[in-house]
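These notes concern the structure reproduced below.
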Amino acid sequence: MGVSRGLIDDVSALEHPGIRKVAEALPPATAERIVVLPDAVRTAAAAAEAVGVRVGAIANSLLFAAVRDGEAAPLLVLTSGAHRADTSLVAELVGADAVKRADPEFVREHTGQVIGGVSPVGHPAPIETLVDEALSGYEEIWAAAGHPHAVYPTTFADLVALTGGRVAVVSA
């Protein structure tokens, strides 16, 4: 597998800015395995079906607004597609007053990507990241590659290392 030569938004998949930034942030051997799918995969179930894996092997990239003393900062939670992040638990883990779902503008501002295509990497600046311990049970994990049509395979150890994330239990 590799990056397709097809078109996304009238641009070659290799030149799509979201995918290109993710590819640049990945080790070359991983970047070469980016797959551009014919249809958008905006949910873990759709991604799992498209690449032929169990839904738990999909790393959902969920960007939240972590509110501390009235100020919202981006918080990326990479959770297994098999369950949902518990925002109260996540808030406790990061010492936030609250963790709220981010709106599309907040997501784009902090990741440079759109909801449904947010990758664990390739953001304009580092983002505090939690990596769901449940992902450690899979030999191969699939994550979004900066566009709703693009995904790439990685390992739990590489996901933690690339993101500088902290491993945590993020669901009750």
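Following the order of the structure tokens, chains are lettered A, B, ..., residues in each are numbered from 1, and ligands are numbered from 1.
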What are the nearest atom pairs, with distances in Å to one decimal, for all residues of region 63-111 of chain A that come at most 12 Å from region 37-44 of chain A, using only C-alpha atoms, set out by chain and rising residue number as CSV?
residue,atom,partner,partner_atom,distance
A:Leu78,CA,A:Ala44,CA,11.7
A:Thr79,CA,A:Ala44,CA,10.1
A:Ser80,CA,A:Ala44,CA,8.5
A:Gly81,CA,A:Ala44,CA,5.1
A:Ala82,CA,A:Ala44,CA,8.0
A:His83,CA,A:Ala44,CA,9.7
A:Arg84,CA,A:Ala44,CA,10.8
If you keep N, CA and C atoms, can you produce a file of those selected residues as a PDB file, in the first residue's frame?
ATOM      1  N   LEU A  78      -6.025  10.246  21.857  1.00  0.00           N
ATOM      2  CA  LEU A  78      -5.996   9.183  20.858  1.00  0.00           C
ATOM      3  C   LEU A  78      -6.601   7.963  21.519  1.00  0.00           C
ATOM      4  N   THR A  79      -7.836   7.684  21.162  1.00  0.00           N
ATOM      5  CA  THR A  79      -8.564   6.607  21.822  1.00  0.00           C
ATOM      6  C   THR A  79      -8.881   5.478  20.867  1.00  0.00           C
ATOM      7  N   SER A  80      -8.983   4.295  21.405  1.00  0.00           N
ATOM      8  CA  SER A  80      -9.370   3.139  20.607  1.00  0.00           C
ATOM      9  C   SER A  80     -10.776   3.359  20.062  1.00  0.00           C
ATOM     10  N   GLY A  81     -10.972   2.988  18.809  1.00  0.00           N
ATOM     11  CA  GLY A  81     -12.288   3.113  18.196  1.00  0.00           C
ATOM     12  C   GLY A  81     -13.343   2.238  18.838  1.00  0.00           C
ATOM     13  N   ALA A  82     -12.935   1.338  19.732  1.00  0.00           N
ATOM     14  CA  ALA A  82     -13.878   0.423  20.378  1.00  0.00           C
ATOM     15  C   ALA A  82     -14.649   1.065  21.531  1.00  0.00           C
ATOM     16  N   HIS A  83     -14.241   2.262  21.949  1.00  0.00           N
ATOM     17  CA  HIS A  83     -14.973   2.904  23.039  1.00  0.00           C
ATOM     18  C   HIS A  83     -14.837   4.425  22.978  1.00  0.00           C
ATOM     19  N   ARG A  84     -15.533   5.106  23.877  1.00  0.00           N
ATOM     20  CA  ARG A  84     -15.529   6.562  23.913  1.00  0.00           C
ATOM     21  C   ARG A  84     -14.673   7.076  25.060  1.00  0.00           C
TER      22      ARG A  84
END
**Study point:** Residues flagged helix (DSSP H, G or I) by DSSP in region 37-150 of chain A, as a ChimeraX atom specification
**Key:** /A:44-51,55-57,87-94,104-111,133-137
Check your understanding: Do you have the CA of Arg33 (chain A)-CA of Glu109 (chain A) distance handy?
Key -> 26.8 Å
Practice item. Could you tell me, as a PyMOL selection string, which residues of region 1-166 of chain A DSSP assigns to strand (DSSP E) when given the backbone? Key: chain A and resi 7-8+11-12+35-36+58-68+71-80+98-101+128-132+141-144+150-154+166
